[in-house]
Amino acid sequence: MTNDKTGTVPEPELVDLAGIGVGPFNLALAALAEPVSGLRAAFLDDKTEFSWHPGMMVEGATLQVPFLADLVSLVDPTSRHSYLAWLRDTGRLFGFYFSEQWHVPRREYEAYCRSVAVSLPSCRFASRVTAVHPVRLPDARDGFAVSSLNPGSHTPTRTLLTPNLVLAIGTEPFIPCPLANLGAIHSAHYLDRLEYIRSADDVTVLGSGQSGAEVVLDLLRSWHRPGRRLRWITRSAAFEPMEYSKLGLEHFTPDYTDHFHRLAEPARDDLVAAQSRLYKAVSAETLAEIRAELDTRAFPDGITSTGVTLMPGAEAVTGHRTADSLTLTFQHRHTAERFTVHTERLILATGYAPRRPDFLAALDPLAKHDAAGRWVVDRDHRVRLNGTRARLFVQNAELHTHGVGVPDLGLGAYRAATILRAVIGRSVYPLPSRTAHTAFAPAVAAAADPGIALTTEEFGHDIRQHGHLGGPRPAPDYADTDADPDALCRAAPGRAH
C-alpha cells in the first residue's frame, strides 16, 4: 500500500474496467456499471471535480437535447443516477413538473453530473494519467497498465492494471493556422476572458455553430451598445438552423449508427461532410433570439444603424496583430473578393479536434488504421488492435465510424451499455432492436416490407467499393469551421473538453 510520507510506490491495482476521462460519457458508463455485482471499475480524470465546458456556461444556455438524454435514462430509467432522481433528491421534482421544461439549463446539467460523480467511488479525480502500456496481467491475460499521479501532491505514481480500457478523453479547441499566434480567444475560454473581451469597443466572432451563436447573443445582451461594433463572420454559406424535425432526429438512433457503421469508408466520410446541419448548426431558438436583438437595434434608423455585421461565406486567409488591435484578411468564397477587418478582440468559435495525448503513444502502433490514418473502431466501440487480446474502447472519438450521433448526449447511455455488454460478456440492460421508423438501408426495409426485395443487378459503379454511385467523389464541405480541418492548429494551452 502507499505510504505518502516515505514515498513507497503502491502495489498495482487490478480492475476489470478502467476509464480515462470523466466527462458525461465515461460518467454514464460508471453509473451503469455500479450495480453490476463483482465488477471492479475505476475512472480517472486530472480535474479536481467534474466540470463540463465551464468556459461556455453563458447565462440562459440550455442543452440542445431533452432531459431524458441524461446519463442513464434511455437505458435504465429506474436508476438512482437519473436526472429525475436527482431532482427528487434535491427537492425540485415538482418545480420541474410545473415548469414543463424539455431542455434543461446547461449549468443545471453540470450540477447533476457532478452530483453523480461524487456518489460513485469508481470516479477518481485529481488523477493525471502519465502513461498507458500493453502488459501481461497477473492472471496471464493481455491488458493495459495505466500510470497516474495526483498533480497537486507529491504522492508516487499509481498503476491500474486492466483487461478493458475505455478512452473518453474528449476534444480540445483548435484554431485555423492562418489565425494562430494572434492572441485570439477560443470560445471554450469565453467566460474566462469575458472581462478582457468586454473592455473593447470592437469584437469579431468567427464560426457559425451553436457556440458562436451563443457568444454573439451574450455579447448583444450584455456588452453591445451604441458606439460599439460586433461582427459575426463564418466560412459557412449561411447561419443555418439545426435540423430538428422528428424524422431528422432519427439520425441519432442506434439504427442509424448500425447503418452508418456498415458503410464503406468513403461513403461514411462523404455523409459526415454533408450532415453539418444535423450536429453543427445553431438551434432555431438561438437564431430567433439574435434576430430579435437585431430588430430592436434597427428601430428607428434602419439595419445599417445596428452596429452589428453578419457575413457568411467569408474565409479567414491571414492576420496580424499590433499593440492594440488585429487586422484580418478574408476571401469571400462565392465572389472571390478579398477584404480586411480591423478589430480589437477576436473570438474563435471554430470547434474542437480529437485529443491524442502523449500517454497514448504506446497504443497507437497496436491499433489498426484506416486510409486516413484514423483508428478502426468496431460496432461495439472497440478499437481493432493487433498483437493483443486486451480490449480498448473509445467514446466520442469514432465519428468517422459511427456517424453524427457520436458526440450527442442522447446516445451516451446506449453506447455505455453496449460497451458494458462487451466487457462482461452479457447484457445487463435490455437494448431495443429497432429505434427508428426510417429504414436507412434496403435490407432493413425488406425485412419488414414484403413489397421490397433486394436484387443483385449491377448498376453504375460498385457502391460497396467506391461508397457512391458514379463520377468523382464529392468534395467534403466543412461547413461549421472557418478553415480546412487539414490546416488546423491547436489552440493555446487550456483545459480540453
# chains A, B, ... in the order shown; residues from 1 in each chain; ligands from 1
$ residues_around --residues "A:Leu363" --least-positions-apart "3" --cutoff "9 Å" --atoms "only C-alpha atoms" --output "PyMOL selection string"
chain A and resi 132-134+359-360+366-367+385
$ write_last_selection --atoms "all heavy atoms" --output "PDB file, in the first residue's frame"
ATOM      1  N   VAL A 132       0.299   4.814 -20.623  1.00  0.00           N
ATOM      2  CA  VAL A 132      -0.511   3.615 -20.820  1.00  0.00           C
ATOM      3  C   VAL A 132       0.320   2.642 -21.644  1.00  0.00           C
ATOM      4  O   VAL A 132       0.837   3.012 -22.708  1.00  0.00           O
ATOM      5  CB  VAL A 132      -1.836   3.920 -21.538  1.00  0.00           C
ATOM      6  CG1 VAL A 132      -2.647   2.643 -21.718  1.00  0.00           C
ATOM      7  CG2 VAL A 132      -2.649   4.962 -20.781  1.00  0.00           C
ATOM      8  N   HIS A 133       0.445   1.404 -21.162  1.00  0.00           N
ATOM      9  CA  HIS A 133       1.262   0.413 -21.862  1.00  0.00           C
ATOM     10  C   HIS A 133       0.538  -0.924 -21.911  1.00  0.00           C
ATOM     11  O   HIS A 133      -0.154  -1.294 -20.948  1.00  0.00           O
ATOM     12  CB  HIS A 133       2.606   0.212 -21.154  1.00  0.00           C
ATOM     13  CG  HIS A 133       3.473   1.428 -21.130  1.00  0.00           C
ATOM     14  ND1 HIS A 133       4.134   1.883 -22.249  1.00  0.00           N
ATOM     15  CD2 HIS A 133       3.773   2.288 -20.126  1.00  0.00           C
ATOM     16  CE1 HIS A 133       4.822   2.974 -21.928  1.00  0.00           C
ATOM     17  NE2 HIS A 133       4.616   3.246 -20.658  1.00  0.00           N
ATOM     18  N   PRO A 134       0.691  -1.664 -22.993  1.00  0.00           N
ATOM     19  CA  PRO A 134       0.177  -3.044 -23.008  1.00  0.00           C
ATOM     20  C   PRO A 134       1.044  -3.920 -22.110  1.00  0.00           C
ATOM     21  O   PRO A 134       2.268  -3.793 -22.095  1.00  0.00           O
ATOM     22  CB  PRO A 134       0.296  -3.447 -24.478  1.00  0.00           C
ATOM     23  CG  PRO A 134       1.375  -2.578 -25.031  1.00  0.00           C
ATOM     24  CD  PRO A 134       1.300  -1.270 -24.278  1.00  0.00           C
ATOM     25  N   PHE A 359       0.358  10.254 -23.711  1.00  0.00           N
ATOM     26  CA  PHE A 359       0.362   8.986 -22.982  1.00  0.00           C
ATOM     27  C   PHE A 359      -0.221   7.827 -23.812  1.00  0.00           C
ATOM     28  O   PHE A 359      -0.122   6.666 -23.413  1.00  0.00           O
ATOM     29  CB  PHE A 359      -0.354   9.106 -21.625  1.00  0.00           C
ATOM     30  CG  PHE A 359      -1.826   9.399 -21.688  1.00  0.00           C
ATOM     31  CD1 PHE A 359      -2.744   8.459 -22.116  1.00  0.00           C
ATOM     32  CD2 PHE A 359      -2.305  10.635 -21.265  1.00  0.00           C
ATOM     33  CE1 PHE A 359      -4.102   8.725 -22.138  1.00  0.00           C
ATOM     34  CE2 PHE A 359      -3.664  10.920 -21.275  1.00  0.00           C
ATOM     35  CZ  PHE A 359      -4.559   9.957 -21.720  1.00  0.00           C
ATOM     36  N   LEU A 360      -0.820   8.127 -24.969  1.00  0.00           N
ATOM     37  CA  LEU A 360      -1.339   7.067 -25.827  1.00  0.00           C
ATOM     38  C   LEU A 360      -0.331   6.601 -26.872  1.00  0.00           C
ATOM     39  O   LEU A 360      -0.654   5.745 -27.700  1.00  0.00           O
ATOM     40  CB  LEU A 360      -2.619   7.540 -26.532  1.00  0.00           C
ATOM     41  CG  LEU A 360      -3.834   7.794 -25.640  1.00  0.00           C
ATOM     42  CD1 LEU A 360      -5.029   8.198 -26.487  1.00  0.00           C
ATOM     43  CD2 LEU A 360      -4.161   6.556 -24.823  1.00  0.00           C
ATOM     44  N   LEU A 366      -0.384  -0.383 -31.912  1.00  0.00           N
ATOM     45  CA  LEU A 366      -1.211  -1.579 -31.808  1.00  0.00           C
ATOM     46  C   LEU A 366      -2.501  -1.465 -32.615  1.00  0.00           C
ATOM     47  O   LEU A 366      -3.088  -2.476 -33.002  1.00  0.00           O
ATOM     48  CB  LEU A 366      -1.577  -1.842 -30.343  1.00  0.00           C
ATOM     49  CG  LEU A 366      -0.438  -2.109 -29.359  1.00  0.00           C
ATOM     50  CD1 LEU A 366      -1.006  -2.273 -27.958  1.00  0.00           C
ATOM     51  CD2 LEU A 366       0.350  -3.344 -29.766  1.00  0.00           C
ATOM     52  N   ALA A 367      -2.968  -0.245 -32.834  1.00  0.00           N
ATOM     53  CA  ALA A 367      -4.275  -0.027 -33.448  1.00  0.00           C
ATOM     54  C   ALA A 367      -4.197  -0.186 -34.964  1.00  0.00           C
ATOM     55  O   ALA A 367      -3.231   0.228 -35.606  1.00  0.00           O
ATOM     56  CB  ALA A 367      -4.802   1.362 -33.093  1.00  0.00           C
ATOM     57  N   LEU A 385      -7.299  -3.951 -32.534  1.00  0.00           N
ATOM     58  CA  LEU A 385      -5.894  -3.977 -32.159  1.00  0.00           C
ATOM     59  C   LEU A 385      -5.191  -5.186 -32.771  1.00  0.00           C
ATOM     60  O   LEU A 385      -5.809  -6.229 -33.026  1.00  0.00           O
ATOM     61  CB  LEU A 385      -5.742  -4.026 -30.634  1.00  0.00           C
ATOM     62  CG  LEU A 385      -6.359  -2.879 -29.832  1.00  0.00           C
ATOM     63  CD1 LEU A 385      -6.153  -3.119 -28.342  1.00  0.00           C
ATOM     64  CD2 LEU A 385      -5.763  -1.541 -30.242  1.00  0.00           C
TER      65      LEU A 385
END
$ select_by_dssp --residues "stretch 356-407 of chain A" --states "helix (DSSP H, G or I)" --output "PyMOL selection string"
chain A and resi 358-360+364-366+399-402
$ closest_atom_pairs --of "stretch 138-221 of chain A" --to "stretch 112-130 of chain A" --cutoff "6 Å" --atoms "only C-alpha atoms" --output "Markdown table"
| residue | atom | partner | partner_atom | distance |
| --- | --- | --- | --- | --- |
| A:Ser147 | CA | A:Thr130 | CA | 5.6 |
| A:Ser148 | CA | A:Val129 | CA | 4.1 |
| A:Leu149 | CA | A:Arg128 | CA | 5.3 |
| A:Asn150 | CA | A:Ser127 | CA | 4.9 |
$ residues_around --residues "stretch 213-225 of chain A" --least-positions-apart "6" --cutoff "10 Å" --atoms "only C-alpha atoms" --output "count of residues only"
41
$ select_by_dssp --residues "stretch 130-255 of chain A" --states "strand (DSSP E)" --output "NGL selection string"
:A and (130-136 or 142-149 or 158-162 or 164-167 or 171-176 or 185-186 or 202-206 or 229-233)
$ atom_distance --atom1 "atom CA of A:Leu182" --atom2 "atom CA of A:Thr343"
11.8 Å
$ residues_around --residues "A:Val377" --least-positions-apart "4" --cutoff "12 Å" --atoms "only C-alpha atoms" --output "PyMOL selection string"
chain A and resi 261-262+265+367-370+381-385+391-403
$ residues_around --residues "A:Val135" --least-positions-apart "6" --cutoff "12 Å" --atoms "only C-alpha atoms" --output "VMD selection string"
chain A and resid 141 to 146 159 to 164 362 to 363 387 to 391
